[in-house]
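Student: To be precise about what I am sending: the file is called protein.cif and holds mmCIF, C-alpha atoms and all ligand atoms.
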data_query
loop_
_atom_site.label_atom_id
_atom_site.label_comp_id
_atom_site.auth_asym_id
_atom_site.auth_seq_id
_atom_site.Cartn_x
_atom_site.Cartn_y
_atom_site.Cartn_z
CA MET A 135 -26.56 23.69 -0.01
CA ALA A 136 -22.86 24.40 0.22
CA LYS A 137 -20.64 21.38 0.65
CA LYS A 138 -19.22 20.69 4.07
CA SER A 139 -15.51 21.40 4.48
CA ILE A 140 -13.24 18.52 5.49
CA LYS A 141 -10.38 20.84 6.39
CA ASP A 142 -8.42 19.36 9.33
CA LYS A 143 -10.76 16.36 9.55
CA VAL A 144 -8.83 13.23 10.55
CA VAL A 145 -9.40 10.47 8.00
CA ILE A 146 -7.99 6.95 8.40
CA ILE A 147 -7.52 5.26 5.01
CA THR A 148 -6.72 1.54 4.91
CA GLY A 149 -5.15 0.19 1.75
CA ALA A 150 -3.52 3.58 1.13
CA THR A 151 -0.43 2.12 -0.54
CA SER A 152 -1.99 1.73 -4.00
CA GLY A 153 -5.06 2.05 -6.19
CA ILE A 154 -8.26 3.49 -4.76
CA GLY A 155 -6.86 4.12 -1.28
CA GLU A 156 -3.84 6.00 -2.54
CA ALA A 157 -5.92 8.15 -4.92
CA THR A 158 -8.42 8.91 -2.16
CA ALA A 159 -5.63 9.91 0.20
CA ARG A 160 -4.36 12.40 -2.37
CA VAL A 161 -7.83 13.81 -3.13
CA LEU A 162 -8.88 14.18 0.53
CA ALA A 163 -5.52 15.69 1.50
CA GLN A 164 -5.91 18.17 -1.35
CA ALA A 165 -9.31 19.07 0.12
CA GLY A 166 -7.63 19.86 3.46
CA ALA A 167 -8.10 16.66 5.45
CA ILE A 168 -5.39 15.12 7.64
CA VAL A 169 -5.01 11.67 6.09
CA VAL A 170 -3.74 8.69 8.06
CA LEU A 171 -2.15 6.28 5.61
CA ALA A 172 -2.48 2.61 6.61
CA GLY A 173 -1.14 -0.41 4.74
CA ARG A 174 1.66 -2.95 4.93
CA ARG A 175 4.21 -1.67 2.36
CA ARG A 176 6.25 0.86 4.30
CA GLU A 177 8.20 2.32 1.40
CA ARG A 178 4.97 3.16 -0.43
CA LEU A 179 3.51 4.75 2.70
CA GLU A 180 6.63 6.88 3.09
CA LYS A 181 6.58 7.96 -0.56
CA LEU A 182 2.91 8.93 -0.42
CA LEU A 183 3.45 10.80 2.85
CA ALA A 184 6.31 12.75 1.26
CA ASP A 185 4.23 13.54 -1.87
CA ILE A 186 1.29 14.81 0.18
CA GLU A 187 3.48 16.94 2.43
CA LYS A 188 5.30 18.35 -0.60
CA SER A 189 1.95 19.49 -1.99
CA GLY A 190 1.15 21.27 1.28
CA GLY A 191 -1.09 18.52 2.69
CA GLN A 192 -1.11 16.87 6.11
CA ALA A 193 -0.61 13.13 6.57
CA LEU A 194 0.57 10.46 8.98
CA ALA A 195 1.86 7.06 7.82
CA VAL A 196 1.19 4.09 10.10
CA PRO A 197 2.27 0.68 8.81
CA THR A 198 -0.71 -1.58 9.51
CA ASP A 199 -1.79 -5.13 8.75
CA VAL A 200 -5.59 -5.09 9.01
CA THR A 201 -5.73 -8.88 9.38
CA LYS A 202 -4.12 -8.49 12.82
CA TYR A 203 -6.26 -6.88 15.50
CA ASP A 204 -3.24 -5.72 17.51
CA SER A 205 -1.87 -3.91 14.47
CA VAL A 206 -5.23 -2.18 13.88
CA ARG A 207 -5.52 -1.28 17.58
CA GLY A 208 -1.99 0.17 17.57
CA MET A 209 -2.73 2.29 14.49
CA VAL A 210 -5.97 3.67 15.95
CA ASP A 211 -4.31 4.36 19.33
CA ALA A 212 -1.54 6.28 17.54
CA VAL A 213 -4.13 8.42 15.73
CA GLN A 214 -6.05 9.14 18.94
CA GLN A 215 -2.86 10.07 20.76
CA LYS A 216 -1.68 12.42 18.03
CA TYR A 217 -4.96 14.07 17.04
CA GLY A 218 -7.45 13.28 19.82
CA LYS A 219 -10.20 12.53 17.31
CA ILE A 220 -11.19 10.39 14.32
CA ASP A 221 -13.63 11.96 11.89
CA ILE A 222 -13.71 9.44 9.03
CA LEU A 223 -12.63 5.83 8.52
CA PHE A 224 -12.22 4.72 4.90
CA ASN A 225 -12.25 0.94 5.23
CA ASN A 226 -10.77 0.16 1.84
CA ALA A 227 -8.04 -2.50 2.17
CA GLY A 228 -8.96 -5.59 0.21
CA VAL A 229 -7.84 -8.48 -1.92
CA MET A 230 -9.67 -10.23 -4.77
CA LEU A 231 -8.26 -13.74 -5.18
CA LEU A 232 -10.63 -15.11 -7.77
CA GLY A 233 -10.96 -18.80 -8.64
CA PRO A 234 -13.35 -21.74 -8.51
CA VAL A 235 -14.47 -23.22 -5.21
CA ILE A 236 -13.59 -26.76 -6.21
CA ASN A 237 -9.95 -27.46 -5.29
CA ALA A 238 -9.39 -23.83 -4.29
CA ASP A 239 -6.25 -22.91 -2.38
CA ILE A 240 -7.84 -22.23 0.98
CA THR A 241 -5.08 -19.82 1.97
CA ASP A 242 -6.59 -17.51 -0.68
CA TRP A 243 -9.89 -17.72 1.19
CA GLN A 244 -8.18 -17.03 4.51
CA ARG A 245 -6.52 -13.93 3.04
CA MET A 246 -9.77 -12.64 1.52
CA ILE A 247 -11.85 -13.22 4.62
CA GLY A 248 -9.03 -11.96 6.85
CA THR A 249 -8.60 -8.73 4.89
CA ASN A 250 -12.01 -7.92 3.41
CA LEU A 251 -14.10 -8.99 6.41
CA TYR A 252 -12.03 -9.23 9.59
CA GLY A 253 -9.90 -6.24 8.58
CA LEU A 254 -12.99 -4.14 7.94
CA ILE A 255 -14.88 -5.08 11.09
CA TRP A 256 -11.80 -4.76 13.27
CA CYS A 257 -11.04 -1.25 12.02
CA THR A 258 -14.69 -0.38 12.60
CA HIS A 259 -14.56 -1.84 16.12
CA ALA A 260 -11.38 0.06 16.94
CA VAL A 261 -12.62 3.53 15.87
CA LEU A 262 -16.21 3.41 17.12
CA PRO A 263 -15.68 4.21 20.83
CA GLN A 264 -13.93 7.46 19.83
CA MET A 265 -16.66 8.37 17.31
CA VAL A 266 -19.42 7.57 19.82
CA LYS A 267 -17.67 9.79 22.38
CA GLN A 268 -17.48 12.59 19.82
CA GLY A 269 -21.14 12.13 18.76
CA SER A 270 -19.96 12.30 15.14
CA GLY A 271 -18.11 10.27 12.55
CA HIS A 272 -18.34 8.66 9.15
CA ILE A 273 -17.47 5.09 8.15
CA VAL A 274 -16.97 4.59 4.42
CA GLN A 275 -16.55 1.03 3.16
CA THR A 276 -15.22 -0.12 -0.19
CA SER A 277 -17.60 -2.85 -1.26
CA SER A 278 -18.03 -3.74 -4.94
CA VAL A 279 -20.45 -4.60 -7.71
CA ALA A 280 -19.39 -8.08 -6.50
CA GLY A 281 -21.43 -7.35 -3.36
CA ARG A 282 -24.56 -7.24 -5.51
CA THR A 283 -23.95 -9.59 -8.42
CA ALA A 284 -22.43 -13.04 -7.92
CA LYS A 285 -20.43 -14.78 -10.63
CA GLU A 286 -18.93 -18.21 -11.11
CA GLY A 287 -15.27 -18.05 -10.18
CA SER A 288 -15.87 -15.23 -7.70
CA ALA A 289 -17.89 -16.97 -4.99
CA VAL A 290 -15.67 -16.27 -1.99
CA TYR A 291 -14.93 -12.69 -3.09
CA ASN A 292 -18.72 -12.31 -3.47
CA LEU A 293 -19.13 -13.74 0.03
CA THR A 294 -16.83 -11.06 1.46
CA LYS A 295 -18.41 -8.12 -0.35
CA TRP A 296 -21.95 -9.36 0.40
CA GLY A 297 -20.78 -9.50 4.00
CA VAL A 298 -19.58 -5.89 3.85
CA ASN A 299 -22.99 -4.78 2.58
CA GLY A 300 -24.96 -6.67 5.25
CA PHE A 301 -22.64 -5.57 8.04
CA THR A 302 -22.84 -1.95 6.94
CA GLU A 303 -26.65 -1.82 6.87
CA GLY A 304 -26.86 -3.31 10.38
CA LEU A 305 -24.17 -0.88 11.50
CA ARG A 306 -25.96 2.08 9.91
CA GLN A 307 -29.10 1.40 11.93
CA GLU A 308 -27.11 1.01 15.15
CA LEU A 309 -25.22 4.26 14.58
CA VAL A 310 -28.16 6.53 13.78
CA GLU A 311 -28.59 7.49 17.45
CA HIS A 312 -24.87 8.40 17.63
CA LYS A 313 -25.03 10.64 14.53
CA ILE A 314 -22.35 8.55 12.81
CA ARG A 315 -22.80 8.13 9.06
CA THR A 316 -22.06 5.09 6.90
CA THR A 317 -21.41 4.89 3.17
CA LEU A 318 -20.90 1.91 0.88
CA ILE A 319 -18.80 2.59 -2.21
CA GLU A 320 -19.48 -0.12 -4.81
CA PRO A 321 -17.11 0.13 -7.77
CA GLY A 322 -17.16 -1.92 -10.91
CA LEU A 323 -13.91 -2.53 -12.75
CA VAL A 324 -11.15 -0.11 -11.69
CA ALA A 325 -7.66 -0.12 -13.21
CA THR A 326 -5.52 -1.00 -10.17
CA GLU A 327 -3.08 -3.73 -9.18
CA LEU A 328 -5.88 -5.71 -7.47
CA ARG A 329 -5.95 -8.35 -10.22
CA ASP A 330 -2.16 -8.81 -10.20
CA HIS A 331 -2.42 -10.70 -6.89
CA ILE A 332 -4.76 -13.44 -8.19
CA THR A 333 -3.01 -16.79 -7.72
CA HIS A 334 -5.35 -18.96 -9.87
CA GLN A 335 -3.79 -18.32 -13.27
CA PRO A 336 -6.81 -19.15 -15.53
CA SER A 337 -8.97 -16.72 -13.50
CA LYS A 338 -6.29 -14.06 -13.70
CA ARG A 339 -6.06 -14.47 -17.49
CA GLN A 340 -9.84 -14.36 -17.84
CA VAL A 341 -10.32 -11.16 -15.84
CA ASN A 342 -7.37 -9.46 -17.56
CA GLU A 343 -8.79 -10.36 -20.98
CA TRP A 344 -12.15 -8.92 -20.00
CA ALA A 345 -10.50 -5.78 -18.61
CA GLY A 346 -8.88 -5.27 -21.99
CA THR A 347 -12.33 -4.86 -23.57
CA VAL A 348 -13.64 -2.20 -21.15
CA ARG A 349 -12.79 1.46 -20.60
CA GLN A 350 -12.01 0.91 -16.93
CA LEU A 351 -12.67 3.31 -14.10
CA GLN A 352 -9.62 5.05 -12.68
CA SER A 353 -8.89 5.17 -8.95
CA GLU A 354 -9.47 8.94 -9.04
CA ASP A 355 -13.08 8.33 -10.20
CA ILE A 356 -13.71 6.44 -6.97
CA ALA A 357 -11.79 8.98 -4.89
CA GLU A 358 -14.14 11.70 -6.19
CA ALA A 359 -17.14 9.59 -5.09
CA VAL A 360 -15.66 9.31 -1.59
CA LEU A 361 -15.09 13.07 -1.55
CA TYR A 362 -18.74 13.60 -2.55
CA ALA A 363 -20.00 11.38 0.28
CA VAL A 364 -17.84 12.92 3.01
CA THR A 365 -18.51 16.54 2.08
CA GLN A 366 -22.27 16.38 2.40
CA PRO A 367 -23.87 18.46 5.15
CA ASP A 368 -24.30 16.68 8.51
CA HIS A 369 -27.98 15.82 7.97
CA VAL A 370 -27.22 13.98 4.68
CA ASP A 371 -25.98 10.39 4.79
CA VAL A 372 -25.15 9.03 1.34
CA ASN A 373 -25.61 5.34 2.08
CA GLU A 374 -24.52 3.78 -1.21
CA ILE A 375 -22.68 4.77 -4.37
CA LEU A 376 -22.62 2.14 -7.13
CA ILE A 377 -20.31 3.06 -10.02
CA ARG A 378 -19.68 0.93 -13.08
CA PRO A 379 -17.62 1.74 -16.14
CA THR A 380 -20.01 2.73 -18.91
CA ASP A 381 -18.89 -0.36 -20.85
CA GLN A 382 -19.47 -2.86 -18.00
CA GLN A 383 -22.55 -5.02 -18.44
CA GLY A 384 -22.65 -7.37 -15.41
N1 LIG A 401 -10.07 -2.58 -8.69
C1 LIG A 401 -11.33 -2.95 -8.83
O1 LIG A 401 -11.79 -3.28 -9.94
C2 LIG A 401 -12.25 -2.95 -7.62
C3 LIG A 401 -13.63 -3.05 -7.86
C4 LIG A 401 -14.49 -3.08 -6.77
C5 LIG A 401 -13.99 -3.02 -5.50
N2 LIG A 401 -12.65 -2.93 -5.29
C6 LIG A 401 -12.17 -2.88 -3.90
O2 LIG A 401 -11.39 -1.73 -3.74
C7 LIG A 401 -10.52 -1.88 -2.61
C8 LIG A 401 -9.14 -1.37 -3.00
O3 LIG A 401 -8.63 -2.16 -4.04
P1 LIG A 401 -7.81 -1.56 -5.27
O4 LIG A 401 -8.57 -1.88 -6.49
O5 LIG A 401 -7.39 -0.18 -4.99
O6 LIG A 401 -6.57 -2.57 -5.27
P2 LIG A 401 -5.04 -2.43 -4.82
O7 LIG A 401 -4.38 -1.36 -5.58
O8 LIG A 401 -4.49 -3.81 -4.87
O9 LIG A 401 -5.17 -1.95 -3.30
C9 LIG A 401 -5.42 -2.83 -2.24
C10 LIG A 401 -4.91 -2.18 -0.97
O10 LIG A 401 -5.24 -3.04 0.14
C11 LIG A 401 -4.11 -3.11 0.96
N3 LIG A 401 -4.08 -4.35 1.74
C12 LIG A 401 -4.17 -5.62 1.29
N4 LIG A 401 -4.03 -6.47 2.33
C13 LIG A 401 -3.83 -5.71 3.45
C14 LIG A 401 -3.60 -6.00 4.81
N5 LIG A 401 -3.55 -7.26 5.28
N6 LIG A 401 -3.45 -4.96 5.67
C15 LIG A 401 -3.50 -3.69 5.23
N7 LIG A 401 -3.71 -3.35 3.94
C16 LIG A 401 -3.87 -4.36 3.07
C17 LIG A 401 -2.91 -3.02 0.01
O11 LIG A 401 -1.79 -2.53 0.74
P3 LIG A 401 -0.52 -3.41 1.21
O12 LIG A 401 -0.36 -4.56 0.26
O13 LIG A 401 0.61 -2.43 1.17
O14 LIG A 401 -0.85 -3.83 2.61
C18 LIG A 401 -3.40 -1.99 -0.97
O15 LIG A 401 -3.10 -0.70 -0.52
C19 LIG A 401 -10.58 -3.37 -2.26
O16 LIG A 401 -11.41 -3.53 -1.12
C20 LIG A 401 -11.23 -4.00 -3.48
O17 LIG A 401 -11.94 -5.18 -3.15
C21 LIG A 401 -11.76 -2.87 -6.33
#
What would the structure in this file look like if it were written as C-alpha cells?

Tutor:
Amino acid sequence: MAKKSIKDKVVIITGATSGIGEATARVLAQAGAIVVLAGRRRERLEKLLADIEKSGGQALAVPTDVTKYDSVRGMVDAVQQKYGKIDILFNNAGVMLLGPVINADITDWQRMIGTNLYGLIWCTHAVLPQMVKQGSGHIVQTSSVAGRTAKEGSAVYNLTKWGVNGFTEGLRQELVEHKIRTTLIEPGLVATELRDHITHQPSKRQVNEWAGTVRQLQSEDIAEAVLYAVTQPDHVDVNEILIRPTDQQG
C-alpha cells in the first residue's frame, strides 16, 4: 500500500537541538511536515529553523525545558494556538548519565528521571486532550536498547528506558479506542553528543572506548525509522523498532 503523506502534519519534536531529534526534524520537514522544534538551546533552535526554512520547509521553534511542566504546557499551548492541531509528538529529549549506583551523584539521577521520564510523560499529558478531540494522533518515543538489556554502570538509565517501554504499552492500550498510535524507537549506539554529558569520568571513558570499536548508527538512520513509522497507513501501528549497529553485540 502507498505510504501515507505527512504533508502539513504538525509534529512536535523534543530534543530537536542535536542528534536524533535534529536529524528527524530535517527528515520530516523534507517530507512536508510542519516541525515544532523544542529544546533548551535557543541558538541551535534558531539555526535549525533557519536551515529548514531555507530548504523550503515549515518549522516553529519553541524553547522548552521538558523537566518543567509549565514550559511543556506553554509550548503545547503555542502549537495549538498557531496550528489548531497536533498530529505527532516525537518524545525524544533525553540524557544518559552513566555511572555506578554506589556513591552516584544523585543530581545525575534527578536529571535523567526528570528528562527521560517526567519530560516524556508530561509532553504526552499535554498533547493528549487535543489528539483525543481530533480522534487521531501518533506518539513516538525514543527508548533504547537500554530499555531491554540492563548493564552494570547503566542501572538508572536502564530504569528510565524500561519505564518508557512500560508506560508506552499501557498508553497504547488506553489509546486504541481514540485511534491514536504509539511507537517505541529503540536505538543501539548512535553517534551523537549524548555521551559528552556523562559526568562520571571512568564511565565516559569506557563508553567512548567501546564506541571506537563499533560502526555506530548515525542520527539519520533513526530519523528514517521514525519516518517509516509515521508514514504508515492509518490502520497500521508500528509499535516498536529496535535498531542496533551491525557490530553491536549487547
Ligand atoms: N545516542 C545513542 O546512542 C542513543 C541510543 C539509544 C537511545 N538514545 C536516546 O535518544 C534520545 C536523543 O539522544 P541523542 O543521542 O540524539 O543525544 P543528544 O544529541 O545529546 O540529544 C539530546 C537532546 O535532548 C535535549 N534535552 C536534554 N535535556 C532537555 C530538557 N530538560 N528539556 C528539553 N530538551 C532536553 C537536548 O537539547 P537541549 O540540551 O538543547 O535542551 C538535545 O536536543 C535520548 O532520549 C537518548 O536517550 C540515544

Student: Identify the residues around (-6.9, -5.4, 9.5) within a radius of 6 Å, measuring from all atoms listed in the file in the coordinates stated by the file, and give them as a list of chain:residue names.

Tutor: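 Protein, DNA and RNA residues close to (-6.9, -5.4, 9.5): A:Asp199, A:Val200, A:Thr201, A:Lys202, A:Val206, A:Thr249, A:Gly253.
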
Student: Would you list the residues that come within 8 Å of ligand LIG 401 (chain A)? Count all atoms listed in the file and give the answer as a ChimeraX atom specification.

Tutor: /A:148-156,172-176,178-179,198-202,225-230,245,248-250,253,276-280,295,320-331,351,353

Student: My list of candidates is A:Ile319, A:Leu162, A:Leu361, A:Val298. Which is closest to Leu251 (chain A) when distances are computed with all atoms listed in the file?

Tutor: A:Val298

Student: Counting all atoms listed in the file, which residue out of A:Ile332, A:Lys267, A:Thr347, A:Gln275 sits closest to His312 (chain A)?

Tutor: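 Going through A:Ile332, A:Lys267, A:Thr347, A:Gln275 one by one, the smallest distance to His312 (chain A) is for A:Lys267.
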
Student: Return the single residue from A:Ile247, A:Val360, A:Leu231, A:Val196 that is closest to Arg160 (chain A), with distances computed using all atoms listed in the file.

Tutor: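 Among the listed residues, the smallest separation from Arg160 (chain A) belongs to A:Val360.
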
Student: For a test of reading the model, state the distance in Å between CA of Gln215 (chain A) and CA of Val170 (chain A), rounded to one decimal.

Tutor: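 Taking CA of Gln215 (chain A) and CA of Val170 (chain A), their separation equals 12.8 Å.
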
Student: CA of Thr302 (chain A) and CA of Leu171 (chain A), how far apart in Å?

Tutor: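 Going from CA of Leu171 (chain A) over to CA of Thr302 (chain A), I get 22.3 Å.
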
Student: Expressed in Å to a single decimal, how great is the separation between CA of Asn373 (chain A) and CA of Val274 (chain A)?

Tutor: 9.0 Å

Student: Which of these residues is nearest to Pro336 (chain A), using all atoms listed in the file: A:Thr258, A:Tyr217, A:Gly287, A:Lys188?

Tutor: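 That would be A:Gly287, the residue with the smallest distance to Pro336 (chain A).
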
Student: When you count only C-alpha atoms, which of these residues is closest to Ile240 (chain A): A:Val169, A:Val290, A:Val372, A:Ala359?

Tutor: A:Val290

Student: Pick the closest to Val261 (chain A) from A:Lys181, A:Lys137, A:Arg207, A:Lys313: which is it, counting all atoms listed in the file?

Tutor: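 Smallest separation from Val261 (chain A) among the options: A:Arg207.
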
Student: Would you mind exporting region 252-276 of chain A with N, CA and C atoms, as a PDB file, in the first residue's frame?

Tutor:
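Below you can see decode-v1.pdb, which holds the result:
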ATOM      1  N   TYR A 252       9.847  12.152  33.496  1.00  0.00           N
ATOM      2  CA  TYR A 252       8.860  13.225  33.663  1.00  0.00           C
ATOM      3  C   TYR A 252       8.674  14.000  32.362  1.00  0.00           C
ATOM      4  N   GLY A 253       9.767  14.317  31.684  1.00  0.00           N
ATOM      5  CA  GLY A 253       9.653  15.083  30.436  1.00  0.00           C
ATOM      6  C   GLY A 253       8.746  14.369  29.445  1.00  0.00           C
ATOM      7  N   LEU A 254       8.949  13.065  29.342  1.00  0.00           N
ATOM      8  CA  LEU A 254       8.184  12.276  28.355  1.00  0.00           C
ATOM      9  C   LEU A 254       6.712  12.162  28.750  1.00  0.00           C
ATOM     10  N   ILE A 255       6.451  11.921  30.032  1.00  0.00           N
ATOM     11  CA  ILE A 255       5.028  11.761  30.393  1.00  0.00           C
ATOM     12  C   ILE A 255       4.311  13.111  30.430  1.00  0.00           C
ATOM     13  N   TRP A 256       5.060  14.173  30.727  1.00  0.00           N
ATOM     14  CA  TRP A 256       4.407  15.484  30.728  1.00  0.00           C
ATOM     15  C   TRP A 256       4.064  15.931  29.306  1.00  0.00           C
ATOM     16  N   CYS A 257       4.962  15.703  28.375  1.00  0.00           N
ATOM     17  CA  CYS A 257       4.638  16.065  26.980  1.00  0.00           C
ATOM     18  C   CYS A 257       3.436  15.244  26.514  1.00  0.00           C
ATOM     19  N   THR A 258       3.425  13.973  26.880  1.00  0.00           N
ATOM     20  CA  THR A 258       2.302  13.110  26.495  1.00  0.00           C
ATOM     21  C   THR A 258       1.002  13.666  27.088  1.00  0.00           C
ATOM     22  N   HIS A 259       1.045  13.989  28.369  1.00  0.00           N
ATOM     23  CA  HIS A 259      -0.135  14.513  29.075  1.00  0.00           C
ATOM     24  C   HIS A 259      -0.638  15.789  28.405  1.00  0.00           C
ATOM     25  N   ALA A 260       0.310  16.636  28.011  1.00  0.00           N
ATOM     26  CA  ALA A 260      -0.079  17.948  27.463  1.00  0.00           C
ATOM     27  C   ALA A 260      -0.711  17.841  26.072  1.00  0.00           C
ATOM     28  N   VAL A 261      -0.293  16.860  25.259  1.00  0.00           N
ATOM     29  CA  VAL A 261      -0.841  16.790  23.887  1.00  0.00           C
ATOM     30  C   VAL A 261      -2.106  15.944  23.788  1.00  0.00           C
ATOM     31  N   LEU A 262      -2.314  15.035  24.749  1.00  0.00           N
ATOM     32  CA  LEU A 262      -3.393  14.054  24.555  1.00  0.00           C
ATOM     33  C   LEU A 262      -4.805  14.644  24.429  1.00  0.00           C
ATOM     34  N   PRO A 263      -5.188  15.653  25.230  1.00  0.00           N
ATOM     35  CA  PRO A 263      -6.555  16.158  25.060  1.00  0.00           C
ATOM     36  C   PRO A 263      -6.836  16.612  23.617  1.00  0.00           C
ATOM     37  N   GLN A 264      -5.841  17.261  22.997  1.00  0.00           N
ATOM     38  CA  GLN A 264      -6.017  17.702  21.607  1.00  0.00           C
ATOM     39  C   GLN A 264      -6.155  16.494  20.673  1.00  0.00           C
ATOM     40  N   MET A 265      -5.300  15.482  20.859  1.00  0.00           N
ATOM     41  CA  MET A 265      -5.362  14.309  19.979  1.00  0.00           C
ATOM     42  C   MET A 265      -6.671  13.544  20.171  1.00  0.00           C
ATOM     43  N   VAL A 266      -7.125  13.454  21.418  1.00  0.00           N
ATOM     44  CA  VAL A 266      -8.397  12.757  21.693  1.00  0.00           C
ATOM     45  C   VAL A 266      -9.541  13.508  21.004  1.00  0.00           C
ATOM     46  N   LYS A 267      -9.505  14.838  21.098  1.00  0.00           N
ATOM     47  CA  LYS A 267     -10.533  15.655  20.434  1.00  0.00           C
ATOM     48  C   LYS A 267     -10.529  15.419  18.916  1.00  0.00           C
ATOM     49  N   GLN A 268      -9.325  15.308  18.364  1.00  0.00           N
ATOM     50  CA  GLN A 268      -9.204  15.092  16.919  1.00  0.00           C
ATOM     51  C   GLN A 268      -9.637  13.680  16.516  1.00  0.00           C
ATOM     52  N   GLY A 269      -9.509  12.717  17.472  1.00  0.00           N
ATOM     53  CA  GLY A 269      -9.731  11.306  17.122  1.00  0.00           C
ATOM     54  C   GLY A 269      -8.606  10.767  16.268  1.00  0.00           C
ATOM     55  N   SER A 270      -7.409  11.366  16.408  1.00  0.00           N
ATOM     56  CA  SER A 270      -6.231  10.891  15.665  1.00  0.00           C
ATOM     57  C   SER A 270      -4.985  11.443  16.332  1.00  0.00           C
ATOM     58  N   GLY A 271      -3.873  10.784  16.073  1.00  0.00           N
ATOM     59  CA  GLY A 271      -2.594  11.255  16.610  1.00  0.00           C
ATOM     60  C   GLY A 271      -1.603  10.111  16.652  1.00  0.00           C
ATOM     61  N   HIS A 272      -0.347  10.468  16.925  1.00  0.00           N
ATOM     62  CA  HIS A 272       0.701   9.446  16.961  1.00  0.00           C
ATOM     63  C   HIS A 272       1.752   9.914  17.968  1.00  0.00           C
ATOM     64  N   ILE A 273       2.047   9.071  18.938  1.00  0.00           N
ATOM     65  CA  ILE A 273       3.077   9.399  19.927  1.00  0.00           C
ATOM     66  C   ILE A 273       4.252   8.452  19.719  1.00  0.00           C
ATOM     67  N   VAL A 274       5.392   9.040  19.382  1.00  0.00           N
ATOM     68  CA  VAL A 274       6.598   8.251  19.097  1.00  0.00           C
ATOM     69  C   VAL A 274       7.599   8.543  20.210  1.00  0.00           C
ATOM     70  N   GLN A 275       8.094   7.502  20.858  1.00  0.00           N
ATOM     71  CA  GLN A 275       9.006   7.690  21.988  1.00  0.00           C
ATOM     72  C   GLN A 275      10.392   7.181  21.631  1.00  0.00           C
ATOM     73  N   THR A 276      11.428   7.939  21.994  1.00  0.00           N
ATOM     74  CA  THR A 276      12.767   7.370  21.864  1.00  0.00           C
ATOM     75  C   THR A 276      13.099   6.619  23.143  1.00  0.00           C
TER      76      THR A 276
END
